[in-house]
>>> print(open('structure-v7.cif').read())   # mmCIF, C-alpha atoms
data_entry
#
loop_
_atom_site.label_atom_id
_atom_site.label_comp_id
_atom_site.auth_asym_id
_atom_site.auth_seq_id
_atom_site.Cartn_x
_atom_site.Cartn_y
_atom_site.Cartn_z
CA MET A 1159 -50.83 49.08 42.23
CA THR A 1160 -49.51 45.95 43.68
CA SER A 1161 -50.84 43.99 40.81
CA PHE A 1162 -49.16 46.38 38.44
CA HIS A 1163 -45.79 45.84 40.08
CA ILE A 1164 -46.24 42.09 39.94
CA ALA A 1165 -47.11 42.27 36.29
CA THR A 1166 -44.14 44.55 35.67
CA LEU A 1167 -41.84 42.16 37.48
CA GLN A 1168 -43.12 39.28 35.45
CA ILE A 1169 -42.56 41.22 32.25
CA VAL A 1170 -39.11 42.48 33.31
CA THR A 1171 -37.89 39.10 34.53
CA PRO A 1172 -38.24 37.30 31.15
CA MET A 1173 -36.60 40.27 29.42
CA THR A 1174 -33.66 40.13 31.79
CA ARG A 1175 -33.21 36.41 31.06
CA TYR A 1176 -33.37 37.17 27.33
CA HIS A 1177 -30.72 39.87 27.72
CA MET A 1178 -28.51 37.52 29.73
CA ALA A 1179 -28.79 34.85 27.00
CA ILE A 1180 -27.79 37.37 24.36
CA ILE A 1181 -24.80 38.51 26.41
CA LEU A 1182 -23.66 34.90 27.01
CA MET A 1183 -24.05 34.07 23.32
CA SER A 1184 -22.05 37.18 22.40
CA ILE A 1185 -19.25 36.20 24.77
CA LEU A 1186 -19.25 32.65 23.38
CA PHE A 1187 -19.16 33.95 19.80
CA CYS A 1188 -16.25 36.30 20.58
CA THR A 1189 -14.32 33.49 22.28
CA VAL A 1190 -14.81 31.08 19.37
CA SER A 1191 -13.91 33.80 16.86
CA SER A 1192 -10.73 34.63 18.78
CA VAL A 1193 -9.68 30.98 18.95
CA LEU A 1194 -10.30 30.55 15.21
CA ALA A 1195 -8.34 33.72 14.44
CA ILE A 1196 -5.37 32.49 16.49
CA MET A 1197 -5.48 29.08 14.74
CA LEU A 1198 -5.64 30.76 11.33
CA LYS A 1199 -2.70 33.01 12.18
CA ARG A 1200 -0.61 30.00 13.27
CA SER A 1201 -1.55 28.13 10.10
CA ASN A 1202 -0.54 31.10 7.97
CA SER A 1203 2.78 31.45 9.76
CA ASN A 1204 3.48 27.72 9.20
CA LYS A 1205 2.63 28.09 5.53
CA ASP A 1206 4.89 31.16 5.29
CA LYS A 1207 7.78 29.13 6.75
CA LEU A 1208 7.12 26.31 4.28
CA LEU A 1209 6.97 28.78 1.40
CA THR A 1210 10.30 30.30 2.46
CA LYS A 1211 11.93 26.84 2.60
CA THR A 1212 10.48 25.92 -0.82
CA GLN A 1213 11.72 29.17 -2.36
CA ALA A 1214 15.20 28.59 -0.91
CA ALA A 1215 15.26 25.05 -2.34
CA LEU A 1216 14.09 26.31 -5.73
CA ASN A 1217 16.77 29.00 -5.76
CA SER A 1218 19.46 26.45 -4.93
CA LEU A 1219 18.22 24.19 -7.75
CA GLN A 1220 18.25 27.10 -10.18
CA ASN A 1221 21.80 27.98 -9.15
CA GLY A 1222 22.85 24.35 -9.55
CA CYS A 1223 21.33 24.19 -13.03
CA ALA A 1224 23.13 27.36 -14.10
CA GLY A 1225 26.44 25.47 -14.08
CA THR A 1226 24.90 22.61 -16.05
CA GLU A 1227 23.86 24.89 -18.90
CA SER A 1228 27.46 25.78 -19.65
CA TYR A 1229 28.36 22.06 -19.61
CA ILE A 1230 25.61 21.30 -22.13
CA LYS A 1231 26.79 24.12 -24.41
CA ASP A 1232 30.41 22.92 -24.24
CA LYS A 1233 29.54 19.24 -24.85
CA PRO A 1234 30.55 18.16 -28.36
CA ILE A 1235 27.70 17.36 -30.71
CA THR A 1236 27.66 13.71 -31.74
CA ASN A 1237 28.02 13.01 -35.38
CA ILE A 1238 24.54 12.44 -36.78
CA PHE A 1239 25.93 10.67 -39.81
CA ASP A 1240 27.64 8.03 -37.66
CA ASP A 1241 24.40 7.41 -35.75
CA ASN A 1242 22.43 7.00 -38.97
CA LEU A 1243 25.09 4.71 -40.42
CA ARG A 1244 24.99 2.46 -37.34
CA ALA A 1245 21.18 2.31 -37.54
CA ALA A 1246 21.31 1.39 -41.24
CA GLU A 1247 23.86 -1.36 -40.59
CA LEU A 1248 21.68 -2.80 -37.84
CA THR A 1249 18.61 -2.72 -40.07
CA THR A 1250 20.50 -4.48 -42.86
CA ARG A 1251 21.71 -7.20 -40.49
CA LEU A 1252 18.18 -7.75 -39.20
CA GLN A 1253 16.69 -7.93 -42.70
CA GLN A 1254 19.38 -10.20 -44.16
CA PRO A 1255 17.65 -13.52 -43.33
CA ARG A 1256 14.42 -12.31 -44.92
CA LEU A 1257 16.22 -11.13 -48.07
CA THR A 1258 18.10 -14.42 -48.35
CA MET A 1259 14.85 -16.39 -48.12
CA GLN A 1260 13.25 -14.25 -50.83
CA GLN A 1261 16.20 -14.75 -53.19
CA CYS A 1262 15.99 -18.53 -52.74
CA GLY A 1263 12.37 -18.44 -53.85
CA TYR A 1264 10.97 -19.37 -50.44
CA SER A 1265 7.52 -18.04 -49.78
CA PRO A 1266 5.79 -18.82 -46.50
CA ALA A 1267 2.75 -21.09 -46.79
CA THR A 1268 -0.59 -19.36 -46.87
CA PRO A 1269 -2.84 -20.43 -44.02
CA GLU A 1270 -5.49 -22.95 -45.00
CA ARG A 1271 -8.36 -20.63 -44.14
CA TYR A 1272 -7.08 -17.99 -46.55
CA ARG A 1273 -6.62 -20.56 -49.29
CA TYR A 1274 -10.31 -21.51 -48.88
CA ILE A 1275 -11.29 -17.86 -49.15
CA GLN A 1276 -9.11 -17.45 -52.24
CA SER A 1277 -10.64 -20.46 -53.97
CA MET A 1278 -14.17 -19.29 -53.11
CA ALA A 1279 -13.44 -15.78 -54.37
CA GLU A 1280 -11.99 -17.17 -57.62
CA LYS A 1281 -15.17 -19.19 -58.09
CA GLY A 1282 -17.13 -15.94 -57.96
CA MET A 1283 -18.63 -16.09 -54.49
CA SER A 1284 -19.43 -12.77 -52.84
CA ALA A 1285 -17.80 -11.61 -49.62
CA GLN A 1286 -21.14 -11.98 -47.81
CA ASP A 1287 -21.45 -15.65 -48.86
CA ILE A 1288 -17.85 -16.36 -47.83
CA ALA A 1289 -18.41 -14.66 -44.47
CA SER A 1290 -21.48 -16.73 -43.72
CA MET A 1291 -19.87 -20.03 -44.77
CA LEU A 1292 -16.61 -19.55 -42.83
CA SER A 1293 -18.09 -17.71 -39.82
CA LEU A 1294 -16.21 -14.49 -40.54
CA SER A 1295 -17.37 -10.95 -40.13
CA LEU A 1296 -18.52 -9.29 -43.33
CA HIS A 1297 -15.84 -6.64 -42.92
CA GLU A 1298 -13.04 -9.22 -42.66
CA ALA A 1299 -14.33 -11.22 -45.62
CA THR A 1300 -14.60 -8.05 -47.72
CA GLN A 1301 -11.02 -7.10 -46.86
CA LEU A 1302 -9.69 -10.54 -47.70
CA VAL A 1303 -11.54 -10.73 -51.03
CA THR A 1304 -10.23 -7.28 -51.93
CA LEU A 1305 -6.68 -8.31 -51.05
CA ILE A 1306 -7.01 -11.44 -53.18
CA ARG A 1307 -8.18 -9.38 -56.15
CA VAL A 1308 -5.35 -6.91 -55.69
CA ALA A 1309 -2.76 -9.71 -55.40
CA ARG A 1310 -3.98 -11.53 -58.53
CA PRO A 1311 -2.32 -9.21 -61.09
CA GLN A 1312 0.95 -9.33 -59.15
CA GLN A 1313 0.94 -13.13 -59.18
CA LYS A 1314 0.31 -13.20 -62.92
CA HIS A 1315 3.12 -10.67 -63.42
CA LYS A 1316 5.50 -12.83 -61.35
CA ASP A 1317 4.59 -15.88 -63.43
CA THR A 1318 5.31 -14.10 -66.69
CA VAL A 1319 8.62 -12.74 -65.40
CA PHE A 1320 9.83 -16.21 -64.48
CA LEU A 1321 8.71 -17.67 -67.81
CA THR A 1322 10.68 -15.23 -69.94
#
>>> encode(input="structure-v7.cif", output="structure tokens")
Amino acid sequence: MTSFHIATLQIVTPMTRYHMAIILMSILFCTVSSVLAIMLKRSNSNKDKLLTKTQAALNSLQNGCAGTESYIKDKPITNIFDDNLRAAELTTRLQQPRLTMQQCGYSPATPERYRYIQSMAEKGMSAQDIASMLSLSLHEATQLVTLIRVARPQQKHKDTVFLT
């Protein structure tokens, strides 16, 4: 019997330690949970105060804008015609030097590179050949050759107009 009691004590003693650990862990968990709940409640109350202040500021802004709406409605509408007339006068003043130069027969000199391309295109060279000779991209050479071909009839038309 003595051995039984010793065995029982050995079995009971670890169980008691296990129960004590569970109780201590439960107390620790409850304490941490309570602290977190208090912190969350304080955070929520701070956010509620901030929300109340923000709503008050928004309401004051809305009330301030209500008076502005009547001012905007009462403000006279500017004359659109006068604005357009001023813009047209400004455009005319800015374009006057260019128009004067065109009437005098002044045409700006074509850059040398483009004159080379024009002479090569008139000789029948393809855009690919021109691109390789002048170190241009094929796309750029194709565009320039196309522009030269499009401009040719206009130049002939200008020549005939001046001759008559």
>>> resolve_selection(input="structure-v7.cif", expression="the PyMOL selection byres ((chain A and resi 1289-1300) around 12)", output="list in words")
Glu1270, Arg1271, Tyr1272, Arg1273, Tyr1274, Ile1275, Gln1276, Met1278, Ala1279, Met1283, Ser1284, Ala1285, Gln1286, Asp1287, Ile1288, Gln1301, Leu1302, Val1303, Thr1304, Leu1305, Ile1306 and Arg1307 of chain A
>>> atom_distance(input="structure-v7.cif", atom1="atom CA of Val1190 of chain A", atom2="atom CA of Met1178 of chain A")
18.3 Å
>>> atom_distance(input="structure-v7.cif", atom1="atom CA of Leu1208 of chain A", atom2="atom CA of Val1193 of chain A")
22.8 Å
>>> atom_distance(input="structure-v7.cif", atom1="atom CA of Gly1282 of chain A", atom2="atom CA of Arg1310 of chain A")
13.9 Å
